[in-house]
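Text of the file work-v9.tsv, holding TSV, C-alpha atoms:
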chain	number	residue	atom	x	y	z
A	1	MET	CA	0.00	0.00	0.00
A	2	ALA	CA	1.31	3.44	-0.91
A	3	LYS	CA	2.17	5.90	1.82
A	4	VAL	CA	-0.44	8.52	1.00
A	5	CYS	CA	-3.00	10.23	3.21
A	6	HIS	CA	-6.34	8.39	3.23
A	7	SER	CA	-8.26	11.65	3.59
A	8	CYS	CA	-6.60	14.16	1.24
A	9	GLY	CA	-4.37	11.94	-0.90
A	10	LYS	CA	-1.19	13.82	-0.01
A	11	GLY	CA	1.90	11.83	-0.96
A	12	PRO	CA	5.62	12.44	-1.23
A	13	ALA	CA	6.95	15.46	-3.11
A	14	PHE	CA	10.26	15.38	-4.94
A	15	GLY	CA	12.98	18.00	-5.14
A	16	GLN	CA	16.67	18.55	-4.74
A	17	SER	CA	19.08	18.93	-1.86
A	18	ARG	CA	21.63	21.65	-2.42
A	19	SER	CA	25.09	21.36	-0.89
A	20	HIS	CA	27.32	24.29	-0.03
A	21	SER	CA	28.78	24.13	-3.54
A	22	MET	CA	25.23	24.05	-4.98
A	23	VAL	CA	25.55	20.47	-6.24
A	24	ALA	CA	22.01	19.15	-6.65
A	25	THR	CA	21.09	15.65	-5.46
A	26	LYS	CA	17.60	14.25	-5.70
A	27	ARG	CA	15.59	13.96	-2.50
A	28	ARG	CA	12.07	13.23	-1.37
A	29	PHE	CA	9.85	15.25	0.97
A	30	ASP	CA	7.57	12.84	2.84
A	31	PRO	CA	4.33	14.06	4.44
A	32	ASN	CA	3.90	13.56	8.17
A	33	LEU	CA	1.71	10.44	8.05
A	34	GLN	CA	0.45	8.62	11.12
A	35	LYS	CA	-1.20	5.21	11.15
A	36	VAL	CA	-4.43	5.67	13.11
A	37	ARG	CA	-7.70	3.83	13.55
A	38	ILE	CA	-10.44	5.79	11.80
A	39	MET	CA	-14.00	5.17	10.76
A	40	VAL	CA	-14.21	4.13	7.10
A	41	GLY	CA	-17.87	3.83	6.23
A	42	LYS	CA	-19.36	1.91	9.16
A	43	SER	CA	-16.26	-0.06	10.10
A	44	ALA	CA	-13.02	0.83	11.85
A	45	SER	CA	-9.83	0.61	9.83
A	46	ARG	CA	-6.16	1.40	10.40
A	47	GLU	CA	-5.10	3.90	7.74
A	48	TYR	CA	-2.35	6.43	7.08
A	49	VAL	CA	-3.57	9.98	7.74
A	50	CYS	CA	-1.49	13.15	7.55
A	51	THR	CA	-1.28	15.28	10.67
A	52	ARG	CA	-2.94	18.22	8.91
A	53	CYS	CA	-6.11	16.15	8.40
A	54	LEU	CA	-5.97	14.87	11.99
A	55	LYS	CA	-5.62	18.39	13.36
A	56	ALA	CA	-8.37	19.76	11.10
A	57	GLY	CA	-10.78	17.00	12.17
A	58	LYS	CA	-11.29	15.66	8.64
A	59	VAL	CA	-11.34	12.08	9.96
A	60	THR	CA	-13.09	10.59	12.97
A	61	LYS	CA	-10.81	8.55	15.17
A	62	VAL	CA	-12.13	5.36	16.70
A	63	THR	CA	-12.11	5.44	20.48
A	64	SER	CA	-11.56	2.17	22.25
A	65	VAL	CA	-14.50	0.93	24.30
A	66	PRO	CA	-13.42	-0.06	27.84
A	67	ARG	CA	-14.15	-3.69	28.58
A	68	SER	CA	-16.10	-4.51	31.72
A	69	ALA	CA	-14.32	-7.00	33.95
Would you write out, as structure tokens, the structure that this file holds?
Amino acid sequence: MAKVCHSCGKGPAFGQSRSHSMVATKRRFDPNLQKVRIMVGKSASREYVCTRCLKAGKVTKVTSVPRSA
């Protein structure tokens, strides 16, 4: 499975690192993805979600139900 946000589809961006002598080497900017349990339809699923979507409340996290002993 690709490392992209389940909510907004944000994936890695590509660019270049520049050294002091301005030599360009390819690099990859990864989004801050967290694997969280969210509601997908009517079931709970563990998906990658970026922290921007978590902070904005675009997904509903699944809260664990305490078990009675």
A:Asn32 proximity check over A:Lys3, A:Arg46, A:His20, A:Lys58, using only C-alpha atoms: winner is A:Lys3
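If you look at atom CA of A:Pro12 and atom CA of A:Ser43, they are 27.6 Å away from each other.
With distances restricted to only C-alpha atoms, A:Val62 is the closest residue to A:Met39 from A:Leu54, A:Arg27, A:Val62, A:Ser21.
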Considering all atoms listed in the file, can you say which of A:Leu33, A:Val59, A:Ala44, A:Ile38 comes closest to A:Ala2?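 Ranked by minimum distance to A:Ala2, first place goes to A:Leu33.
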Show me the residues close to (-0.1, 10.9, 11.4) - anything with an atom within 10 Å, counting only C-alpha atoms - and format the list as a short mmCIF file (atom, residue, chain, number, x, y, z; two decimals) with C-alpha atoms, keeping the file's coordinate frame.
data_model
loop_
_atom_site.label_atom_id
_atom_site.label_comp_id
_atom_site.auth_asym_id
_atom_site.auth_seq_id
_atom_site.Cartn_x
_atom_site.Cartn_y
_atom_site.Cartn_z
CA CYS A 5 -3.00 10.23 3.21
CA PRO A 31 4.33 14.06 4.44
CA ASN A 32 3.90 13.56 8.17
CA LEU A 33 1.71 10.44 8.05
CA GLN A 34 0.45 8.62 11.12
CA LYS A 35 -1.20 5.21 11.15
CA VAL A 36 -4.43 5.67 13.11
CA GLU A 47 -5.10 3.90 7.74
CA TYR A 48 -2.35 6.43 7.08
CA VAL A 49 -3.57 9.98 7.74
CA CYS A 50 -1.49 13.15 7.55
CA THR A 51 -1.28 15.28 10.67
CA ARG A 52 -2.94 18.22 8.91
CA CYS A 53 -6.11 16.15 8.40
CA LEU A 54 -5.97 14.87 11.99
CA LYS A 55 -5.62 18.39 13.36
#
Interatomic distance between atom CA of A:Val4 and atom CA of A:Ser19?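 Distance reported for this atom pair: 28.6 Å.
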With all atoms listed in the file as the counted atoms, please give the residues lying no more than 12 Å from A:Phe14, apart from itself and same-chain residues fewer than 4 positions off, as a ChimeraX atom specification. /A:25-31
Distance atom CA of A:His6-atom CA of A:Ala56, one decimal place?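 Rounded to one decimal, the two atoms are 14.0 Å apart.
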